[in-house]
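Below is the file target-v1.txt, which contains compact mmCIF, C-alpha atoms.
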```
# COMPACT_ATOMS: atom_id res chain seq x y z
CA MET C 295 39.23 -9.22 -4.68
CA GLU C 296 42.59 -9.11 -6.46
CA PHE C 297 44.67 -12.22 -7.16
CA MET C 298 42.31 -14.63 -5.39
CA SER C 299 43.76 -18.10 -5.23
CA ASP C 300 42.00 -20.96 -6.92
CA MET C 301 39.84 -22.56 -4.22
CA LEU C 302 40.10 -25.97 -5.84
CA GLY C 303 43.87 -25.71 -6.11
CA GLY C 304 46.17 -26.64 -8.97
CA GLY C 305 43.90 -25.38 -11.76
CA ASP C 306 44.01 -22.41 -14.07
CA SER C 307 44.85 -19.43 -11.87
CA GLY C 308 43.03 -17.07 -14.22
CA ARG C 309 39.80 -19.05 -14.06
CA PRO C 310 37.35 -17.64 -11.47
CA SER C 311 35.82 -20.07 -9.03
CA LEU C 312 32.12 -20.78 -9.07
CA PHE C 313 31.78 -18.93 -5.76
CA GLU C 314 33.09 -15.74 -7.37
CA ILE C 315 30.76 -16.17 -10.35
CA VAL C 316 27.70 -16.72 -8.18
CA ALA C 317 28.66 -13.86 -5.86
CA GLN C 318 28.87 -11.33 -8.68
CA HIS C 319 25.59 -12.58 -10.19
CA LYS C 320 23.83 -12.29 -6.82
CA MET C 321 25.26 -8.84 -6.32
CA GLY C 322 23.80 -7.75 -9.66
CA GLU C 323 20.41 -9.22 -8.74
CA LEU C 324 20.33 -7.36 -5.41
CA LEU C 325 21.10 -3.92 -6.84
CA GLU C 326 17.66 -3.39 -8.39
CA PRO C 327 15.49 -4.24 -5.34
CA ALA C 328 17.79 -2.17 -3.12
CA LEU C 329 17.45 0.84 -5.41
CA GLN C 330 13.69 0.26 -5.70
CA HIS C 331 13.37 0.21 -1.91
CA VAL C 332 15.21 3.52 -1.60
CA THR C 333 13.06 5.03 -4.36
CA SER C 334 9.83 3.84 -2.71
CA VAL C 335 10.85 5.32 0.65
CA TYR C 336 11.51 8.73 -0.85
CA ALA C 337 8.44 8.47 -3.12
CA HIS C 338 6.27 8.45 0.01
CA ARG C 339 7.95 11.66 1.13
CA TYR C 340 8.02 13.38 -2.27
CA PRO C 341 5.21 11.75 -4.29
CA ARG C 342 4.95 14.67 -6.69
CA TYR C 343 8.41 14.03 -8.08
CA LEU C 344 9.10 10.31 -7.58
CA VAL C 345 5.81 8.40 -8.02
CA ARG C 346 6.18 8.28 -11.81
CA LEU C 347 9.77 7.16 -11.45
CA LEU C 348 8.64 4.39 -9.10
CA ASN C 349 5.91 3.29 -11.54
CA TRP C 350 8.51 2.98 -14.31
CA HIS C 351 11.26 1.68 -12.05
CA GLU C 352 12.32 -1.20 -14.31
CA GLU C 353 12.82 1.07 -17.32
CA ALA C 354 14.59 3.75 -15.26
CA TYR C 355 16.87 1.14 -13.71
CA ALA C 356 17.62 -0.33 -17.16
CA ALA C 357 18.56 3.13 -18.47
CA LEU C 358 20.83 3.71 -15.47
CA MET C 359 22.49 0.31 -15.81
CA LEU C 360 22.92 0.86 -19.55
CA LEU C 361 25.02 3.90 -18.70
CA VAL C 362 26.96 2.12 -15.95
CA GLU C 363 27.56 -1.14 -17.83
CA ARG C 364 28.61 0.65 -21.01
CA HIS C 365 31.18 2.63 -19.02
CA TYR C 366 32.70 -0.47 -17.43
CA LEU C 367 32.60 -2.57 -20.59
CA ARG C 368 34.21 0.25 -22.56
CA ASN C 369 36.96 1.04 -20.03
CA TYR C 370 37.55 -2.27 -18.22
CA GLY C 371 36.17 -4.97 -20.52
CA ALA C 372 33.81 -6.26 -17.83
CA SER C 373 30.42 -5.58 -16.32
CA PHE C 374 30.20 -3.52 -13.14
CA THR C 375 29.86 -6.54 -10.83
CA GLU C 376 32.52 -8.51 -12.70
CA HIS C 377 35.01 -5.67 -12.37
CA PHE C 378 34.08 -5.26 -8.70
CA TYR C 379 35.14 -8.87 -8.13
CA GLY C 380 38.33 -8.45 -10.16
CA MET C 381 37.24 -10.15 -13.41
CA LYS C 382 37.13 -9.32 -17.10
CA ARG C 383 35.60 -10.65 -20.32
CA VAL C 384 37.79 -12.07 -23.07
CA ARG C 385 36.99 -13.43 -26.51
CA THR C 386 37.23 -17.17 -27.07
CA ARG C 387 38.46 -16.55 -30.60
CA ARG C 388 41.26 -14.04 -30.69
CA ILE C 389 41.38 -11.34 -33.34
CA GLY C 390 44.95 -10.55 -34.40
CA GLY C 391 46.29 -12.20 -31.25
CA ASN C 392 44.14 -9.94 -29.06
CA ASP C 393 41.45 -11.44 -26.83
CA GLY C 394 39.86 -8.09 -25.90
CA MET C 395 36.24 -7.33 -26.67
CA THR C 396 35.28 -5.57 -29.89
CA PRO C 397 32.62 -2.81 -30.01
CA GLY C 398 30.19 -5.41 -31.32
CA ASP C 399 30.92 -7.66 -28.33
CA MET C 400 30.31 -4.70 -26.03
CA TRP C 401 26.88 -3.89 -27.49
CA ARG C 402 25.83 -7.54 -27.54
CA SER C 403 26.95 -7.85 -23.92
CA LEU C 404 24.85 -4.80 -23.08
CA GLY C 405 21.85 -6.51 -24.65
CA PHE C 406 22.22 -9.51 -22.35
CA LEU C 407 23.22 -7.48 -19.27
CA VAL C 408 20.47 -4.86 -19.51
CA GLY C 409 17.90 -5.84 -22.14
CA LEU C 410 17.39 -9.48 -21.16
CA PRO C 411 16.68 -8.78 -17.43
CA LEU C 412 14.23 -6.01 -18.40
CA ILE C 413 12.34 -8.28 -20.78
CA LYS C 414 12.34 -11.10 -18.22
CA SER C 415 10.97 -8.79 -15.52
CA ARG C 416 8.19 -7.52 -17.76
CA LEU C 417 7.25 -11.05 -18.84
CA ASP C 418 7.10 -12.14 -15.19
CA GLN C 419 4.79 -9.23 -14.38
CA ARG C 420 2.63 -10.00 -17.40
CA TYR C 421 2.28 -13.62 -16.35
CA GLU C 422 1.33 -12.57 -12.82
CA ARG C 423 -1.49 -10.43 -14.19
CA ALA C 424 -2.61 -13.03 -16.73
CA SER C 425 -2.62 -15.96 -14.33
CA GLY C 426 -4.17 -14.23 -11.32
CA GLY C 427 -1.08 -14.25 -9.12
CA GLU C 428 -0.06 -16.46 -6.21
CA ALA C 429 -3.63 -16.94 -4.96
CA ALA C 430 -4.71 -18.46 -8.27
CA ARG C 431 -1.71 -20.80 -8.41
CA LEU C 432 -2.20 -22.00 -4.84
CA LEU C 433 -5.99 -22.00 -4.50
CA GLY C 434 -7.35 -21.75 -8.04
CA GLY C 435 -11.11 -21.59 -8.35
CA ALA C 436 -12.48 -18.11 -7.79
CA PHE C 437 -8.97 -16.64 -7.73
CA ALA C 438 -8.11 -17.82 -11.24
CA ARG C 439 -8.67 -15.37 -14.06
CA ALA C 440 -11.72 -16.30 -16.13
CA ASP C 441 -11.29 -17.02 -19.84
CA ASN C 442 -13.40 -14.70 -21.97
CA GLU C 443 -13.19 -16.73 -25.16
CA PRO C 444 -14.82 -14.98 -28.11
CA ARG C 445 -17.76 -16.85 -29.63
CA ALA C 446 -16.87 -17.10 -33.28
CA GLU C 447 -20.09 -18.87 -34.23
CA ALA C 448 -22.33 -16.10 -32.93
CA ASP C 449 -20.24 -13.37 -34.54
CA ALA C 450 -19.58 -15.07 -37.85
CA GLY C 451 -21.74 -12.56 -39.68
CA ALA C 452 -19.93 -9.51 -38.39
CA GLU C 453 -18.39 -7.43 -41.13
CA GLY C 454 -16.31 -4.32 -41.51
CA LEU C 455 -14.49 -2.72 -38.61
CA ALA C 456 -16.44 -4.73 -36.01
CA GLY C 457 -15.35 -7.97 -37.65
CA VAL C 458 -11.73 -6.89 -37.72
CA ARG C 459 -11.89 -6.03 -34.02
CA GLN C 460 -13.41 -9.41 -33.20
CA ARG C 461 -10.73 -11.25 -35.15
CA LEU C 462 -7.99 -9.23 -33.45
CA HIS C 463 -9.59 -9.99 -30.10
CA ALA C 464 -9.63 -13.68 -30.95
CA VAL C 465 -5.96 -13.58 -31.94
CA TRP C 466 -5.11 -11.70 -28.74
CA TYR C 467 -7.02 -14.21 -26.65
CA ALA C 468 -5.27 -17.16 -28.31
CA ALA C 469 -1.87 -15.54 -27.78
CA GLU C 470 -2.60 -14.79 -24.11
CA ARG C 471 -3.85 -18.31 -23.51
CA ALA C 472 -0.72 -19.76 -25.13
CA PHE C 473 1.42 -17.40 -23.03
CA ARG C 474 -0.24 -18.54 -19.80
CA ARG C 475 0.23 -22.15 -20.80
CA TYR C 476 3.81 -22.15 -22.07
CA TYR C 477 5.56 -19.32 -20.20
CA PRO C 478 6.10 -21.37 -17.00
CA HIS C 479 7.89 -24.00 -19.11
CA ALA C 480 10.03 -21.36 -20.81
CA ASN C 481 10.85 -19.81 -17.43
CA CYS C 482 11.81 -23.24 -16.10
CA MET C 483 14.12 -23.82 -19.08
CA TYR C 484 15.67 -20.40 -18.52
CA HIS C 485 16.65 -21.17 -14.92
CA LEU C 486 17.51 -24.79 -15.72
CA ALA C 487 19.97 -23.71 -18.42
CA THR C 488 21.67 -21.34 -15.96
CA ALA C 489 21.91 -24.08 -13.31
CA LEU C 490 23.28 -26.63 -15.79
CA TYR C 491 25.99 -24.23 -16.92
CA TYR C 492 26.92 -23.61 -13.27
CA VAL C 493 27.28 -27.33 -12.67
CA ALA C 494 29.25 -27.87 -15.88
CA TYR C 495 31.51 -24.93 -15.07
CA MET C 496 32.12 -26.23 -11.55
CA PHE C 497 33.29 -29.61 -12.92
CA ASP C 498 35.42 -28.03 -15.69
CA ARG C 499 33.13 -29.32 -18.44
CA THR C 500 32.86 -25.87 -20.01
CA ASP C 501 34.71 -22.56 -19.93
CA TYR C 502 31.45 -20.57 -19.99
CA ASN C 503 29.60 -19.90 -16.75
CA SER C 504 26.32 -18.97 -18.48
CA PRO C 505 24.57 -19.82 -21.74
CA TRP C 506 24.54 -16.14 -22.72
CA LEU C 507 28.32 -15.88 -22.58
CA HIS C 508 28.48 -19.05 -24.65
CA LEU C 509 26.27 -17.42 -27.29
CA LEU C 510 28.49 -14.33 -27.26
CA GLY C 511 31.69 -16.35 -27.41
CA LEU C 512 33.07 -14.65 -24.29
CA GLN C 513 34.71 -16.04 -21.19
CA VAL C 514 35.14 -14.49 -17.74
CA ARG C 515 38.71 -14.45 -16.44
CA ARG C 516 40.44 -13.00 -13.39
CA LEU C 517 42.37 -9.78 -13.80
CA SER C 518 46.07 -10.45 -13.77
CA ALA C 519 48.91 -8.29 -12.47
CA ALA C 520 49.58 -7.17 -16.05
CA ASP C 521 45.94 -6.04 -16.36
CA TYR C 522 46.23 -3.91 -13.23
CA ARG C 523 49.50 -2.39 -14.43
CA ALA C 524 47.91 -1.59 -17.79
CA MET C 525 44.95 0.12 -16.08
CA ASP C 526 47.33 2.18 -13.92
CA ALA C 527 49.39 3.18 -16.95
CA ARG C 528 46.27 4.13 -18.92
CA GLY C 529 45.15 6.61 -16.31
CA PRO C 530 41.59 7.63 -15.35
CA ALA C 531 38.65 6.14 -17.20
CA THR C 532 37.17 8.16 -20.06
CA SER C 533 33.65 8.75 -21.29
CA GLY C 534 32.25 8.43 -24.79
CA LEU C 535 31.05 12.04 -24.54
CA ALA C 536 34.61 13.38 -24.56
CA ALA C 537 35.87 14.96 -27.78
CA PRO C 538 39.13 16.57 -28.89
CA ALA C 539 39.46 20.14 -27.62
CA ASN C 540 38.98 22.87 -30.22
CA GLY C 541 39.23 25.95 -28.02
CA THR C 542 35.48 26.62 -27.77
CA ALA C 543 33.62 26.99 -24.48
CA LEU C 544 30.97 24.48 -25.59
CA ARG C 545 33.56 21.76 -26.25
CA ALA C 546 35.32 22.52 -22.94
CA THR C 547 32.00 22.24 -21.08
CA ARG C 548 31.25 18.97 -22.85
CA ASN C 549 34.61 17.50 -21.90
CA MET C 550 34.23 18.66 -18.30
CA VAL C 551 30.82 16.95 -18.05
CA ALA C 552 32.34 13.82 -19.60
CA ARG C 553 35.15 13.77 -17.02
CA LEU C 554 32.72 14.27 -14.14
CA LEU C 555 30.45 11.52 -15.46
CA ALA C 556 33.34 9.09 -15.94
CA GLY C 557 34.71 9.91 -12.49
CA GLY C 558 31.31 9.41 -10.87
CA LEU C 559 30.75 6.06 -12.56
CA ASP C 560 34.29 5.01 -11.67
CA ALA C 561 33.67 5.95 -8.03
CA LEU C 562 30.87 3.36 -7.80
CA LYS C 563 33.56 0.76 -7.10
CA ALA C 564 34.33 2.49 -3.81
CA LEU C 565 30.86 3.87 -3.05
CA LEU C 566 29.15 0.48 -3.22
CA PRO C 567 31.11 -1.22 -0.39
CA LEU C 568 30.94 1.99 1.66
CA SER C 569 27.17 2.20 1.22
CA ILE C 570 26.80 -1.46 2.21
CA PHE C 571 28.89 -0.85 5.33
CA PHE C 572 26.89 2.27 6.16
CA TYR C 573 23.60 0.42 5.67
CA ARG C 574 24.75 -2.40 7.95
CA PHE C 575 25.88 0.12 10.54
CA LEU C 576 22.48 1.84 10.49
CA GLU C 577 20.73 -1.52 10.72
CA TRP C 578 22.83 -2.46 13.75
CA TRP C 579 22.35 0.96 15.33
CA TYR C 580 18.56 0.97 15.11
CA ARG C 581 18.35 -2.58 16.47
CA SER C 582 20.76 -2.04 19.34
CA ASP C 583 20.12 -0.76 22.86
CA PHE C 584 22.29 2.27 22.15
CA HIS C 585 19.69 3.72 19.80
CA LYS C 586 16.93 3.12 22.34
CA ARG C 587 18.95 4.77 25.09
CA VAL C 588 19.65 7.83 22.96
CA GLN C 589 15.99 8.14 21.95
CA GLN C 590 14.67 7.79 25.50
CA ALA C 591 14.12 11.01 27.41
CA PRO C 592 16.06 11.27 30.69
CA ALA C 593 14.11 10.32 33.78
CA PRO C 594 12.78 13.41 35.55
CA GLU C 595 14.06 14.24 39.00
CA PRO C 596 11.83 12.98 41.84
CA PRO C 597 9.70 15.66 43.49
CA LYS C 598 11.06 17.15 46.67
CA PRO C 599 9.37 15.97 49.87
CA PRO C 600 6.92 18.42 51.48
CA LYS C 601 8.37 20.32 54.38
CA PRO C 602 7.15 19.50 57.89
CA HIS C 603 4.56 21.92 59.25
CA PRO C 604 5.60 23.92 62.35
CA ASP C 605 2.48 22.68 64.15
CA GLY C 606 2.98 19.06 63.08
CA VAL C 607 4.76 16.30 64.93
CA GLU C 608 8.55 16.35 64.85
CA VAL C 609 10.31 13.86 62.59
CA PRO C 610 12.84 11.85 64.62
CA GLU C 611 16.47 11.82 63.53
CA ASP C 612 16.48 8.02 63.47
CA GLN C 613 14.72 7.15 60.20
CA ALA C 614 13.70 3.75 61.60
CA LEU C 615 11.42 5.29 64.24
CA CYS C 616 7.74 6.10 63.77
CA PRO C 617 7.10 9.88 64.14
CA LEU C 618 3.89 9.14 66.09
CA CYS C 619 4.79 6.43 68.59
CA ARG C 620 8.57 7.07 68.61
CA ASN C 621 9.19 3.34 68.48
CA PRO C 622 10.77 1.25 65.70
CA ARG C 623 8.23 1.00 62.89
CA THR C 624 6.22 -2.20 62.61
CA ASN C 625 4.10 -2.98 59.58
CA PRO C 626 5.36 0.23 57.84
CA ALA C 627 2.92 2.30 55.79
CA MET C 628 3.28 5.59 53.87
CA ALA C 629 0.98 8.58 54.02
CA PRO C 630 0.27 10.63 50.85
CA SER C 631 2.88 13.14 52.02
CA GLY C 632 5.60 10.49 51.69
CA TYR C 633 6.42 10.07 55.36
CA VAL C 634 6.41 6.54 56.78
CA PHE C 635 4.71 5.45 60.04
CA CYS C 636 3.49 2.31 61.71
CA TYR C 637 0.34 1.23 59.96
CA PRO C 638 -1.87 1.21 63.09
CA CYS C 639 -0.54 4.63 64.13
CA ILE C 640 -1.13 6.40 60.83
CA TYR C 641 -4.48 4.71 60.28
CA ARG C 642 -5.89 5.86 63.64
CA HIS C 643 -4.46 9.36 63.16
CA LEU C 644 -5.95 9.85 59.68
CA ASP C 645 -9.24 8.37 60.78
CA ASP C 646 -9.42 10.86 63.69
CA THR C 647 -7.96 14.05 62.12
CA GLY C 648 -7.94 13.58 58.30
CA THR C 649 -4.51 15.24 58.03
CA CYS C 650 -0.91 14.06 57.84
CA PRO C 651 0.66 14.31 61.28
CA VAL C 652 3.91 15.83 59.94
CA THR C 653 2.80 18.18 57.13
CA LEU C 654 -0.89 18.62 58.08
CA ILE C 655 -1.82 17.85 54.45
CA ARG C 656 -5.37 16.56 54.15
CA ALA C 657 -5.46 12.74 53.74
CA GLN C 658 -7.87 9.88 54.30
CA PRO C 659 -7.23 6.32 55.56
CA ASP C 660 -7.87 4.84 52.10
CA SER C 661 -4.86 6.79 50.73
CA ILE C 662 -2.37 4.87 52.91
CA ARG C 663 0.11 2.75 50.96
CA LYS C 664 1.67 -0.34 52.51
CA LEU C 665 5.46 -0.79 52.19
CA TYR C 666 6.96 -4.25 51.75
CA ALA C 667 10.65 -4.44 52.53
CA ASP C 668 11.01 -7.96 51.07
CA ALA C 669 9.23 -7.21 47.75
```
Rendering of file as structure tokens:
Amino acid sequence: MEFMSDMLGGGDSGRPSLFEIVAQHKMGELLEPALQHVTSVYAHRYPRYLVRLLNWHEEAYAALMLLVERHYLRNYGASFTEHFYGMKRVRTRRIGGNDGMTPGDMWRSLGFLVGLPLIKSRLDQRYERASGGEAARLLGGAFARADNEPRAEADAGAEGLAGVRQRLHAVWYAAERAFRRYYPHANCMYHLATALYYVAYMFDRTDYNSPWLHLLGLQVRRLSAADYRAMDARGPATSGLAAPANGTALRATRNMVARLLAGGLDALKALLPLSIFFYRFLEWWYRSDFHKRVQQAPAPEPPKPPKPHPDGVEVPEDQALCPLCRNPRTNPAMAPSGYVFCYPCIYRHLDDTGTCPVTLIRAQPDSIRKLYADA
């Protein structure tokens, strides 16, 4: 992802293209459902330990991303997906000639990177429950959630705690009704604002690719060669848990945990593409014929033919001859023993004796099987 050329040509080389911006946004949106799918699969195997985690998946994912995003904002000045695509965040208004983010910018960015998606997800779920879901929106009628409006006239004389409860219920009902009515419009404005900023950014009408970055006063830029040299000179990423050594075992343990945590979070840059490749490989493997061939049991060896009985007729050396008439077989048919004769010959023999002429195994005429050479 380093030093990608401007796809439109001739523009600001440090300005990411819209394709890069959309790609890193889509990557961030796909991380949560992928992790939720993995959690749900293992929750079915270990429900005792993972069902609660699955029920609170949004909060657990937000806590995890808070740790990840804080690490990348603190060490690289970019979110995880932005750094993965070779980008960084810079201030529109420089402070002392420096366009790097301040601690306040980092925490505000965390609010929009982690807090806003969590709130949006919970509001979407709340609207689904309040409105009755897809069935109510498509079909309405019996699928729509009924309004249980409190009757203020009938309960006007209620006093004390019961009256307070009724008034709170009325306020709650009014708020829920307003939420069901206006949330779709707010959701539409949310996505419309994002789309408008994409269009404006594509036509160089703004330097901000999202309204949230505009509110924060931050722009997304490509990492330059100087940025990569500075990261190499700085060394490994650090964690906020690290503290100056004071010779105690507790401080040494704390610093070791901080280094391991920082190294693990830093390794996500390499683990993510490897995991995607591994997932695609497994998907290809389970859909291919190779997987089916490996899973299939080998075909068993065919049973050995029964040996001719000493008192039976002799099998001719020429396999094309009938053992009974000693002539080339016509209208070939097979006895249950597996030997092949002319159909008239074997039928008459089984009808008379009830045994195979070669092996003397008991057989009946209805057990004869016709052979079709042209089939």
Exercise: Phe473 of chain C partners within 12 Å, all atoms listed in the file, chain neighbours under 3 positions left out, as a ChimeraX atom specification:
/C:417-418,420-425,466-470,476-481
Write out, as a compact mmCIF listing (two decimals), in the coordinates of the input, the residues just selected, with C-alpha atoms.
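Full text of result_4.txt as output:
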```txt
# COMPACT_ATOMS: atom_id res chain seq x y z
CA LEU C 417 7.25 -11.05 -18.84
CA ASP C 418 7.10 -12.14 -15.19
CA ARG C 420 2.63 -10.00 -17.40
CA TYR C 421 2.28 -13.62 -16.35
CA GLU C 422 1.33 -12.57 -12.82
CA ARG C 423 -1.49 -10.43 -14.19
CA ALA C 424 -2.61 -13.03 -16.73
CA SER C 425 -2.62 -15.96 -14.33
CA TRP C 466 -5.11 -11.70 -28.74
CA TYR C 467 -7.02 -14.21 -26.65
CA ALA C 468 -5.27 -17.16 -28.31
CA ALA C 469 -1.87 -15.54 -27.78
CA GLU C 470 -2.60 -14.79 -24.11
CA TYR C 476 3.81 -22.15 -22.07
CA TYR C 477 5.56 -19.32 -20.20
CA PRO C 478 6.10 -21.37 -17.00
CA HIS C 479 7.89 -24.00 -19.11
CA ALA C 480 10.03 -21.36 -20.81
CA ASN C 481 10.85 -19.81 -17.43
```
Residues within 12 Å of segment 321-337 of chain C, all atoms listed in the file, excluding chain neighbours under 3 positions, as a VMD selection string:
chain C and resid 314 to 318 340 to 356 358 to 359 363 373 to 379 407 to 408 411 to 412 415 566 to 567 569 to 570 573
Distance in Å - atom CA of Val652 of chain C versus atom CA of Pro602 of chain C
5.3 Å
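What separates atom CA of Thr647 of chain C from atom CA of Pro630 of chain C is a distance of 14.4 Å.
For the pair atom CA of Gly632 of chain C and atom CA of Ala593 of chain C, the separation is 19.8 Å.
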Hey, what's within 8 Å of segment 506-513 of chain C if we count all atoms listed in the file and toss same-chain stuff fewer than 5 positions away? As an NGL selection string, please?
:C and (383-387 or 399 or 402-403 or 406 or 501)
What would the list of residues within 12 Å of (38.3, -5.3, -29.2) (file frame) look like as a PDB file with C-alpha atoms, in the frame of the given file, if all atoms listed in the file are what count?
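Wrote result04.pdb, looks like this:
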```
ATOM      1  CA  LEU C 367      32.600  -2.570 -20.590  1.00  0.00           C
ATOM      2  CA  ARG C 368      34.210   0.250 -22.560  1.00  0.00           C
ATOM      3  CA  ASN C 369      36.960   1.040 -20.030  1.00  0.00           C
ATOM      4  CA  TYR C 370      37.550  -2.270 -18.220  1.00  0.00           C
ATOM      5  CA  GLY C 371      36.170  -4.970 -20.520  1.00  0.00           C
ATOM      6  CA  ARG C 383      35.600 -10.650 -20.320  1.00  0.00           C
ATOM      7  CA  VAL C 384      37.790 -12.070 -23.070  1.00  0.00           C
ATOM      8  CA  ARG C 385      36.990 -13.430 -26.510  1.00  0.00           C
ATOM      9  CA  ARG C 387      38.460 -16.550 -30.600  1.00  0.00           C
ATOM     10  CA  ARG C 388      41.260 -14.040 -30.690  1.00  0.00           C
ATOM     11  CA  ILE C 389      41.380 -11.340 -33.340  1.00  0.00           C
ATOM     12  CA  GLY C 390      44.950 -10.550 -34.400  1.00  0.00           C
ATOM     13  CA  GLY C 391      46.290 -12.200 -31.250  1.00  0.00           C
ATOM     14  CA  ASN C 392      44.140  -9.940 -29.060  1.00  0.00           C
ATOM     15  CA  ASP C 393      41.450 -11.440 -26.830  1.00  0.00           C
ATOM     16  CA  GLY C 394      39.860  -8.090 -25.900  1.00  0.00           C
ATOM     17  CA  MET C 395      36.240  -7.330 -26.670  1.00  0.00           C
ATOM     18  CA  THR C 396      35.280  -5.570 -29.890  1.00  0.00           C
ATOM     19  CA  PRO C 397      32.620  -2.810 -30.010  1.00  0.00           C
ATOM     20  CA  GLY C 398      30.190  -5.410 -31.320  1.00  0.00           C
ATOM     21  CA  ASP C 399      30.920  -7.660 -28.330  1.00  0.00           C
ATOM     22  CA  MET C 400      30.310  -4.700 -26.030  1.00  0.00           C
ATOM     23  CA  TRP C 401      26.880  -3.890 -27.490  1.00  0.00           C
ATOM     24  CA  LEU C 512      33.070 -14.650 -24.290  1.00  0.00           C
TER      25      LEU C 512
END
```
For a quick check of understanding, using all atoms listed in the file, which of C:Met550, C:Phe571, C:Ile655, C:Arg623 has the smallest distance to Lys601 of chain C?
C:Ile655
Fewer than 6 positions away in the same chain doesn't count, so skip those; otherwise give me all residues within 8 Å of segment 486-492 of chain C, counting only C-alpha atoms, as an MDAnalysis selection string.
chainID C and resid 312 500 502:505
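Considering all atoms listed in the file, the residue among C:Gly457, C:Pro604, C:Pro622, C:Pro538 positioned nearest to Pro651 of chain C is C:Pro604.
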For Pro610 of chain C: contacts at 12 Å, all atoms listed in the file, fewer than 2 positions along chain excluded, given as a VMD selection string:
chain C and resid 602 607 to 608 612 to 623 633 to 635 652
Could you save those same residues with C-alpha atoms as a PDB file, keeping the file's coordinate frame?
```pdb
ATOM      1  CA  PRO C 602       7.150  19.500  57.890  1.00  0.00           C
ATOM      2  CA  VAL C 607       4.760  16.300  64.930  1.00  0.00           C
ATOM      3  CA  GLU C 608       8.550  16.350  64.850  1.00  0.00           C
ATOM      4  CA  ASP C 612      16.480   8.020  63.470  1.00  0.00           C
ATOM      5  CA  GLN C 613      14.720   7.150  60.200  1.00  0.00           C
ATOM      6  CA  ALA C 614      13.700   3.750  61.600  1.00  0.00           C
ATOM      7  CA  LEU C 615      11.420   5.290  64.240  1.00  0.00           C
ATOM      8  CA  CYS C 616       7.740   6.100  63.770  1.00  0.00           C
ATOM      9  CA  PRO C 617       7.100   9.880  64.140  1.00  0.00           C
ATOM     10  CA  LEU C 618       3.890   9.140  66.090  1.00  0.00           C
ATOM     11  CA  CYS C 619       4.790   6.430  68.590  1.00  0.00           C
ATOM     12  CA  ARG C 620       8.570   7.070  68.610  1.00  0.00           C
ATOM     13  CA  ASN C 621       9.190   3.340  68.480  1.00  0.00           C
ATOM     14  CA  PRO C 622      10.770   1.250  65.700  1.00  0.00           C
ATOM     15  CA  ARG C 623       8.230   1.000  62.890  1.00  0.00           C
ATOM     16  CA  TYR C 633       6.420  10.070  55.360  1.00  0.00           C
ATOM     17  CA  VAL C 634       6.410   6.540  56.780  1.00  0.00           C
ATOM     18  CA  PHE C 635       4.710   5.450  60.040  1.00  0.00           C
ATOM     19  CA  VAL C 652       3.910  15.830  59.940  1.00  0.00           C
TER      20      VAL C 652
END
```
